[in-house]
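Q: Next comes my_file_37.cif, mmCIF, C-alpha atoms and all ligand atoms:
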data_input
loop_
_atom_site.group_PDB
_atom_site.id
_atom_site.type_symbol
_atom_site.label_atom_id
_atom_site.label_comp_id
_atom_site.auth_asym_id
_atom_site.auth_seq_id
_atom_site.Cartn_x
_atom_site.Cartn_y
_atom_site.Cartn_z
ATOM 1 C CA MET A 55 77.920 166.094 54.129
ATOM 2 C CA ARG A 56 81.577 166.923 54.419
ATOM 3 C CA PHE A 57 82.700 170.547 54.433
ATOM 4 C CA LYS A 58 84.474 171.164 51.119
ATOM 5 C CA ASP A 59 87.914 172.395 52.042
ATOM 6 C CA HIS A 60 89.020 173.811 48.691
ATOM 7 C CA THR A 61 91.874 175.823 50.168
ATOM 8 C CA GLY A 62 93.223 173.125 52.494
ATOM 9 C CA ALA A 63 92.815 175.548 55.414
ATOM 10 C CA LEU A 64 91.250 172.828 57.548
ATOM 11 C CA SER A 65 94.409 170.755 57.480
ATOM 12 C CA ASN A 66 95.654 172.693 60.535
ATOM 13 C CA LEU A 67 92.330 172.354 62.360
ATOM 14 C CA LYS A 68 92.941 169.585 64.849
ATOM 15 C CA HIS A 69 90.913 170.620 67.858
ATOM 16 C CA VAL A 70 87.405 172.084 67.919
ATOM 17 C CA ALA A 71 85.979 173.130 71.290
ATOM 18 C CA ILE A 72 82.327 174.005 71.779
ATOM 19 C CA ILE A 73 80.577 176.007 74.490
ATOM 20 C CA MET A 74 77.192 174.312 74.207
ATOM 21 C CA ASP A 75 74.979 177.184 75.335
ATOM 22 C CA GLY A 76 71.283 177.997 74.968
ATOM 23 C CA ASN A 77 69.496 174.840 76.103
ATOM 24 C CA GLY A 78 67.331 176.911 78.438
ATOM 25 C CA ARG A 79 66.409 179.495 75.811
ATOM 26 C CA TRP A 80 65.686 176.749 73.279
ATOM 27 C CA ALA A 81 63.274 175.116 75.735
ATOM 28 C CA GLU A 82 61.672 178.418 76.689
ATOM 29 C CA GLY A 83 61.025 179.198 73.033
ATOM 30 C CA LYS A 84 59.126 175.945 72.699
ATOM 31 C CA GLY A 85 57.227 176.181 75.991
ATOM 32 C CA LEU A 86 59.252 173.277 77.415
ATOM 33 C CA SER A 87 61.082 172.897 80.718
ATOM 34 C CA ARG A 88 64.802 173.664 81.055
ATOM 35 C CA THR A 89 65.363 169.958 81.729
ATOM 36 C CA GLU A 90 63.841 169.138 78.349
ATOM 37 C CA GLY A 91 66.238 171.645 76.851
ATOM 38 C CA HIS A 92 69.180 169.867 78.473
ATOM 39 C CA ILE A 93 67.935 166.491 77.211
ATOM 40 C CA ALA A 94 67.652 167.865 73.662
ATOM 41 C CA GLY A 95 71.123 169.401 74.010
ATOM 42 C CA THR A 96 72.652 166.128 75.114
ATOM 43 C CA GLN A 97 71.043 164.324 72.186
ATOM 44 C CA ASN A 98 72.712 166.774 69.832
ATOM 45 C CA ILE A 99 76.176 165.654 70.904
ATOM 46 C CA ARG A 100 76.131 162.492 68.824
ATOM 47 C CA ARG A 101 75.129 164.347 65.638
ATOM 48 C CA ILE A 102 77.932 166.897 66.007
ATOM 49 C CA VAL A 103 80.594 164.349 66.960
ATOM 50 C CA ARG A 104 79.673 162.338 63.836
ATOM 51 C CA GLN A 105 79.977 165.416 61.673
ATOM 52 C CA LEU A 106 83.370 166.238 63.179
ATOM 53 C CA ILE A 107 84.501 162.695 62.359
ATOM 54 C CA VAL A 108 83.327 163.221 58.766
ATOM 55 C CA ASN A 109 85.537 166.311 58.687
ATOM 56 C CA ASN A 110 88.580 164.440 60.068
ATOM 57 C CA ILE A 111 88.822 166.530 63.233
ATOM 58 C CA GLU A 112 91.096 164.821 65.786
ATOM 59 C CA TYR A 113 89.912 166.419 69.031
ATOM 60 C CA VAL A 114 86.614 167.837 70.197
ATOM 61 C CA THR A 115 86.010 169.329 73.629
ATOM 62 C CA LEU A 116 82.439 169.945 74.752
ATOM 63 C CA TYR A 117 81.726 172.272 77.658
ATOM 64 C CA ALA A 118 78.852 170.582 79.457
ATOM 65 C CA PHE A 119 78.948 171.918 83.031
ATOM 66 C CA SER A 120 81.087 174.685 84.488
ATOM 67 C CA THR A 121 82.429 175.073 88.018
ATOM 68 C CA GLU A 122 79.998 178.013 88.287
ATOM 69 C CA ASN A 123 76.992 175.956 87.134
ATOM 70 C CA TRP A 124 76.804 174.466 90.668
ATOM 71 C CA ASN A 125 75.255 177.824 91.594
ATOM 72 C CA ARG A 126 72.109 177.050 89.601
ATOM 73 C CA PRO A 127 68.941 175.894 91.402
ATOM 74 C CA ILE A 128 69.526 172.482 92.974
ATOM 75 C CA ASP A 129 66.805 170.843 90.837
ATOM 76 C CA GLU A 130 68.534 171.939 87.646
ATOM 77 C CA VAL A 131 71.942 170.765 88.899
ATOM 78 C CA ASP A 132 70.443 167.395 89.845
ATOM 79 C CA SER A 133 68.790 166.968 86.466
ATOM 80 C CA LEU A 134 71.997 167.926 84.604
ATOM 81 C CA ILE A 135 73.924 165.289 86.569
ATOM 82 C CA GLN A 136 71.177 162.741 85.964
ATOM 83 C CA ILE A 137 71.091 163.465 82.214
ATOM 84 C CA LEU A 138 74.861 163.167 81.881
ATOM 85 C CA SER A 139 74.911 159.919 83.878
ATOM 86 C CA GLU A 140 72.236 158.398 81.656
ATOM 87 C CA SER A 141 73.805 159.540 78.436
ATOM 88 C CA ILE A 142 77.252 158.221 79.383
ATOM 89 C CA VAL A 143 75.746 154.818 80.134
ATOM 90 C CA ASN A 144 73.546 154.816 77.004
ATOM 91 C CA GLU A 145 75.993 156.273 74.489
ATOM 92 C CA THR A 146 79.328 154.727 75.422
ATOM 93 C CA THR A 147 78.827 151.400 73.621
ATOM 94 C CA GLU A 148 77.891 153.069 70.352
ATOM 95 C CA MET A 149 80.629 155.694 70.629
ATOM 96 C CA ASN A 150 83.111 152.928 71.346
ATOM 97 C CA ASP A 151 81.940 151.052 68.225
ATOM 98 C CA GLU A 152 82.542 154.225 66.212
ATOM 99 C CA GLY A 153 86.108 154.529 67.535
ATOM 100 C CA VAL A 154 85.540 157.527 69.802
ATOM 101 C CA ARG A 155 87.998 157.967 72.674
ATOM 102 C CA ILE A 156 86.176 159.597 75.574
ATOM 103 C CA ARG A 157 87.925 161.655 78.245
ATOM 104 C CA HIS A 158 86.705 163.843 81.065
ATOM 105 C CA LEU A 159 88.114 167.304 81.739
ATOM 106 C CA GLY A 160 87.470 168.821 85.135
ATOM 107 C CA ARG A 161 86.939 167.875 88.752
ATOM 108 C CA ILE A 162 85.793 164.310 89.231
ATOM 109 C CA ASP A 163 85.945 164.385 93.041
ATOM 110 C CA ARG A 164 82.803 166.489 93.475
ATOM 111 C CA LEU A 165 80.585 164.277 91.308
ATOM 112 C CA PRO A 166 78.319 161.558 92.751
ATOM 113 C CA ALA A 167 80.107 158.189 93.118
ATOM 114 C CA ARG A 168 77.916 156.536 90.481
ATOM 115 C CA LEU A 169 78.753 159.167 87.898
ATOM 116 C CA GLN A 170 82.453 158.942 88.755
ATOM 117 C CA LYS A 171 82.294 155.207 88.102
ATOM 118 C CA ALA A 172 80.378 155.669 84.826
ATOM 119 C CA ILE A 173 82.987 158.194 83.632
ATOM 120 C CA GLU A 174 85.898 155.957 84.611
ATOM 121 C CA ASP A 175 84.301 152.968 82.842
ATOM 122 C CA SER A 176 83.678 154.970 79.703
ATOM 123 C CA VAL A 177 87.203 156.436 79.676
ATOM 124 C CA GLY A 178 88.706 152.979 80.282
ATOM 125 C CA LEU A 179 86.622 151.198 77.662
ATOM 126 C CA THR A 180 87.408 153.703 74.914
ATOM 127 C CA SER A 181 91.048 154.360 75.800
ATOM 128 C CA ARG A 182 92.486 152.589 72.745
ATOM 129 C CA ASN A 183 90.216 154.278 70.205
ATOM 130 C CA ASN A 184 91.646 156.767 67.758
ATOM 131 C CA VAL A 185 88.964 157.891 65.293
ATOM 132 C CA ILE A 186 88.309 161.037 67.334
ATOM 133 C CA ASN A 187 89.124 162.227 70.871
ATOM 134 C CA LEU A 188 86.012 163.444 72.667
ATOM 135 C CA ASN A 189 86.626 165.470 75.840
ATOM 136 C CA ILE A 190 83.634 166.150 78.025
ATOM 137 C CA ALA A 191 84.270 169.180 80.243
ATOM 138 C CA PHE A 192 82.023 168.567 83.244
ATOM 139 C CA ASP A 193 82.620 170.400 86.518
ATOM 140 C CA TYR A 194 85.284 172.185 84.521
ATOM 141 C CA GLY A 195 86.578 175.696 85.109
ATOM 142 C CA GLY A 196 89.654 177.195 83.506
ATOM 143 C CA ARG A 197 90.745 178.970 86.695
ATOM 144 C CA ASP A 198 90.226 175.864 88.792
ATOM 145 C CA GLU A 199 92.246 173.849 86.286
ATOM 146 C CA ILE A 200 95.188 176.247 86.648
ATOM 147 C CA VAL A 201 94.922 176.216 90.453
ATOM 148 C CA GLN A 202 94.979 172.379 90.454
ATOM 149 C CA ALA A 203 97.999 172.411 88.136
ATOM 150 C CA VAL A 204 99.895 174.841 90.394
ATOM 151 C CA ARG A 205 99.103 172.658 93.407
ATOM 152 C CA ARG A 206 100.551 169.609 91.642
ATOM 153 C CA MET A 207 103.706 171.507 90.708
ATOM 154 C CA VAL A 208 104.150 172.536 94.349
ATOM 155 C CA GLU A 209 103.553 168.931 95.497
ATOM 156 C CA LEU A 210 106.178 167.769 93.022
ATOM 157 C CA ALA A 211 108.550 170.430 94.427
ATOM 158 C CA ILE A 212 109.354 171.711 90.957
ATOM 159 C CA LYS A 213 111.996 174.435 91.188
ATOM 160 C CA PRO A 214 110.925 177.931 90.119
ATOM 161 C CA ASP A 215 113.437 177.971 87.260
ATOM 162 C CA ASP A 216 111.989 174.716 85.931
ATOM 163 C CA ILE A 217 108.471 176.118 85.722
ATOM 164 C CA THR A 218 107.793 176.921 82.108
ATOM 165 C CA GLU A 219 104.708 177.183 79.942
ATOM 166 C CA ASP A 220 105.296 173.556 78.975
ATOM 167 C CA THR A 221 105.494 172.310 82.574
ATOM 168 C CA LEU A 222 102.277 174.086 83.454
ATOM 169 C CA SER A 223 100.564 172.815 80.278
ATOM 170 C CA SER A 224 101.583 169.286 81.141
ATOM 171 C CA GLU A 225 99.714 169.506 84.459
ATOM 172 C CA LEU A 226 96.447 170.650 82.885
ATOM 173 C CA TYR A 227 93.585 168.266 82.087
ATOM 174 C CA THR A 228 94.505 168.668 78.426
ATOM 175 C CA SER A 229 98.082 167.472 78.911
ATOM 176 C CA GLY A 230 99.468 166.115 75.652
ATOM 177 C CA MET A 231 96.614 167.484 73.536
ATOM 178 C CA PRO A 232 96.836 170.298 71.007
ATOM 179 C CA ASP A 233 95.281 173.621 72.042
ATOM 180 C CA PRO A 234 91.850 174.283 70.555
ATOM 181 C CA ASP A 235 92.171 175.879 67.109
ATOM 182 C CA LEU A 236 88.527 176.866 66.950
ATOM 183 C CA ILE A 237 86.154 177.643 69.817
ATOM 184 C CA ILE A 238 82.491 177.742 68.884
ATOM 185 C CA ARG A 239 79.897 179.231 71.205
ATOM 186 C CA THR A 240 76.232 178.703 70.457
ATOM 187 C CA ALA A 241 73.290 180.924 71.481
ATOM 188 C CA GLY A 242 74.991 184.178 70.606
ATOM 189 C CA GLU A 243 76.940 185.183 73.714
ATOM 190 C CA MET A 244 80.367 186.735 73.188
ATOM 191 C CA ARG A 245 82.103 185.512 76.301
ATOM 192 C CA ILE A 246 84.327 182.671 77.367
ATOM 193 C CA SER A 247 82.695 181.812 80.724
ATOM 194 C CA ASN A 248 85.853 180.308 82.256
ATOM 195 C CA PHE A 249 86.436 177.847 79.406
ATOM 196 C CA MET A 250 89.991 176.763 78.492
ATOM 197 C CA ILE A 251 91.393 180.153 79.426
ATOM 198 C CA TRP A 252 94.994 178.928 79.241
ATOM 199 C CA GLN A 253 94.637 176.817 76.099
ATOM 200 C CA ALA A 254 92.617 179.456 74.209
ATOM 201 C CA SER A 255 95.402 182.020 73.951
ATOM 202 C CA TYR A 256 95.478 181.835 70.146
ATOM 203 C CA SER A 257 92.193 180.057 69.379
ATOM 204 C CA GLU A 258 89.874 181.428 66.743
ATOM 205 C CA TYR A 259 86.406 182.279 68.057
ATOM 206 C CA TYR A 260 83.086 181.726 66.353
ATOM 207 C CA SER A 261 79.754 182.683 67.874
ATOM 208 C CA SER A 262 76.562 181.280 66.398
ATOM 209 C CA PRO A 263 73.144 182.723 67.273
ATOM 210 C CA VAL A 264 71.635 179.228 67.095
ATOM 211 C CA CYS A 265 70.839 177.516 70.414
ATOM 212 C CA TRP A 266 72.775 174.309 70.993
ATOM 213 C CA PRO A 267 69.943 171.761 70.454
ATOM 214 C CA ASP A 268 69.384 173.261 66.965
ATOM 215 C CA PHE A 269 73.080 173.516 66.071
ATOM 216 C CA ASP A 270 73.225 170.952 63.279
ATOM 217 C CA GLU A 271 75.675 169.710 60.621
ATOM 218 C CA LEU A 272 75.049 172.737 58.420
ATOM 219 C CA GLU A 273 75.744 175.159 61.285
ATOM 220 C CA LEU A 274 78.947 173.293 62.075
ATOM 221 C CA ASN A 275 80.028 173.437 58.448
ATOM 222 C CA ASN A 276 79.374 177.205 58.494
ATOM 223 C CA ALA A 277 81.742 177.499 61.467
ATOM 224 C CA LEU A 278 84.386 175.460 59.639
ATOM 225 C CA LEU A 279 83.933 177.605 56.539
ATOM 226 C CA GLU A 280 84.459 180.756 58.596
ATOM 227 C CA TYR A 281 87.549 179.223 60.232
ATOM 228 C CA SER A 282 88.993 178.359 56.840
ATOM 229 C CA SER A 283 88.909 182.050 55.892
ATOM 230 C CA ARG A 284 90.731 183.245 59.033
ATOM 231 C CA LYS A 285 94.415 184.159 58.946
ATOM 232 C CA ARG A 286 96.145 182.947 62.086
ATOM 233 C CA LYS A 287 99.250 184.957 62.848
ATOM 234 C CA PHE A 288 100.365 183.957 66.381
ATOM 235 C CA GLY A 289 101.846 187.403 66.889
ATOM 236 C CA LYS A 290 103.992 187.271 63.778
ATOM 237 C CA VAL A 291 103.826 189.407 60.675
ATOM 238 C CA ASN A 292 102.090 188.072 57.627
ATOM 239 C CA THR A 293 104.812 186.107 55.839
ATOM 240 C CA THR A 294 103.425 186.949 52.412
ATOM 241 C CA ALA A 295 103.788 190.711 53.030
ATOM 242 C CA LYS A 296 106.683 192.533 51.387
ATOM 243 C CA GLN A 297 109.618 192.815 53.784
ATOM 244 C CA LEU A 298 111.008 196.255 54.692
HETATM 245 C C1 LIG A 301 73.863 175.372 78.371
HETATM 246 O O1 LIG A 301 72.573 175.864 78.310
HETATM 247 C C2 LIG A 301 73.974 174.195 79.320
HETATM 248 C C3 LIG A 301 74.682 174.492 80.552
HETATM 249 C C4 LIG A 301 75.252 175.604 80.858
HETATM 250 C C5 LIG A 301 74.746 173.436 81.533
HETATM 251 P P1 LIG A 301 71.998 176.901 79.389
HETATM 252 O O2 LIG A 301 71.293 176.124 80.451
HETATM 253 O O3 LIG A 301 73.054 177.807 79.890
HETATM 254 O O4 LIG A 301 70.957 177.675 78.502
HETATM 255 P P2 LIG A 301 70.586 179.225 78.593
HETATM 256 O O5 LIG A 301 71.853 180.006 78.502
HETATM 257 O O6 LIG A 301 69.900 179.422 79.914
HETATM 258 O O7 LIG A 301 69.676 179.449 77.425
HETATM 259 C C1 LIG A 302 78.768 178.209 79.848
HETATM 260 O O1 LIG A 302 77.434 178.535 79.766
HETATM 261 C C2 LIG A 302 78.923 176.851 80.448
HETATM 262 C C3 LIG A 302 78.482 175.744 79.618
HETATM 263 C C4 LIG A 302 77.994 175.823 78.411
HETATM 264 C C5 LIG A 302 78.608 174.448 80.222
HETATM 265 P P1 LIG A 302 76.700 179.397 80.898
HETATM 266 O O2 LIG A 302 75.301 179.536 80.467
HETATM 267 O O3 LIG A 302 76.932 178.779 82.236
HETATM 268 O O4 LIG A 302 77.512 180.768 80.830
HETATM 269 P P2 LIG A 302 77.076 182.231 81.287
HETATM 270 O O5 LIG A 302 76.558 182.118 82.691
HETATM 271 O O6 LIG A 302 76.013 182.692 80.336
HETATM 272 O O7 LIG A 302 78.330 183.057 81.166
HETATM 273 MG MG MG A 303 73.716 179.638 79.289
#
Do you think you could lay out the structure here as structure tokens?
A:
Amino acid sequence: MRFKDHTGALSNLKHVAIIMDGNGRWAEGKGLSRTEGHIAGTQNIRRIVRQLIVNNIEYVTLYAFSTENWNRPIDEVDSLIQILSESIVNETTEMNDEGVRIRHLGRIDRLPARLQKAIEDSVGLTSRNNVINLNIAFDYGGRDEIVQAVRRMVELAIKPDDITEDTLSSELYTSGMPDPDLIIRTAGEMRISNFMIWQASYSEYYSSPVCWPDFDELELNNALLEYSSRKRKFGKVNTTAKQL
């Protein structure tokens, strides 16, 4: 069911980013393995992307694996890579049919060759779609993204005076995309964990106590409802206030 946007506040909501947290806790609560939690979490992606399409959202970024997640036990890292590889292969055809444009944000060079190929195929196949832009942040870290961008600017010998916020933005993985308007984190934590630290400068935050595999259409609509009541000011004064 579509979120009822009586006030029109969602008209400026173009980009929703989600820190999909709590797969492990979800599994633990059910006496399942962490891997089963990650499988359930991955299956939830389709449901939420569909609901974002229903709500006419143009961009969604999903944080699936951080640059710090390599520090987890090797078995968990392996199973996360395996689950992503399988889901890319299994889901791409259907996502493509639904008009989803898939992109990857993050380091591709450290991923196994087979996964690199699967990502490239999926990005290539869906590149002309325009129903929704789905960014999968995998081996993504906000600090690493900025370091890579600075390296490219040095390689391009950009003069110091020509380095602006726009030039740096254009070297990020999100080049050409709007900044996230709303960042949702599931499973209750109140931290950013190295996610879109440059792009999030004026994002609205929403933390849900619900673990990611249980975060359903209703939970998403609650986040959109909360967003629609926020007043974004971007450092300015409220224009409706009486002037001095
Ligand atoms: C999110 O779930 C998935 C990844 C970070 C890859 P977690 O695995 O972090 O789940 P919790 O935080 O341990 O519950
Ligand atoms: C953030 O979750 C990363 C992803 C959801 C992919 P983490 O579970 O890794 O974050 P911390 O360790 O609790 O900050
Ligand atoms: Mg976590």
Q: Once you count only C-alpha atoms and all ligand atoms, what closest atom pair and distance in Å to one decimal does each residue of chain A within 7 Å of ligand LIG 301 (chain A) have, with rows by chain and rising residue number, as CSV?
A:
residue,atom,partner,partner_atom,distance
A:Met74,CA,A:LIG301,C1,5.4
A:Asp75,CA,A:LIG301,C1,3.7
A:Gly76,CA,A:LIG301,O7,3.3
A:Asn77,CA,A:LIG301,O1,3.9
A:Gly78,CA,A:LIG301,O7,3.6
A:Arg79,CA,A:LIG301,O7,3.6
A:Trp80,CA,A:LIG301,O7,6.4
A:Arg88,CA,A:LIG301,O2,7.0
A:His92,CA,A:LIG301,C2,6.5
A:Ala118,CA,A:LIG301,C5,5.4
A:Phe119,CA,A:LIG301,C5,4.7
A:Ser120,CA,A:LIG301,C4,6.9
A:Asn123,CA,A:LIG301,C4,6.5
A:Leu134,CA,A:LIG301,C5,6.9
Q: Choose the residue, out of A:Ile73, A:Ile128, A:Ile137, A:Ile246, that has the smallest atom-to-atom separation from Thr96 in chain A; count all atoms listed in the file.
A: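 The shortest atom-to-atom distance to Thr96 in chain A comes from A:Ile137.
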Q: Name every residue that the PyMOL selection byres (((chain A and resi 146) around 12) and not hetatm) selects in this structure, writing the answer as a count of residues only with chains first and numbers rising.
A: 31
Q: Counting only C-alpha atoms, which residue out of A:Asp59, A:Gln253, A:Ile111, A:Arg205 sits closest to Gly230 in chain A?
A: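 Of all the options, A:Gln253 lies closest to Gly230 in chain A.
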Q: Between CA of Lys285 in chain A and CA of Leu272 in chain A, what is the distance in Å, rounded to a tenth?
A: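 CA of Leu272 in chain A lies at a distance of 22.5 Å from CA of Lys285 in chain A.
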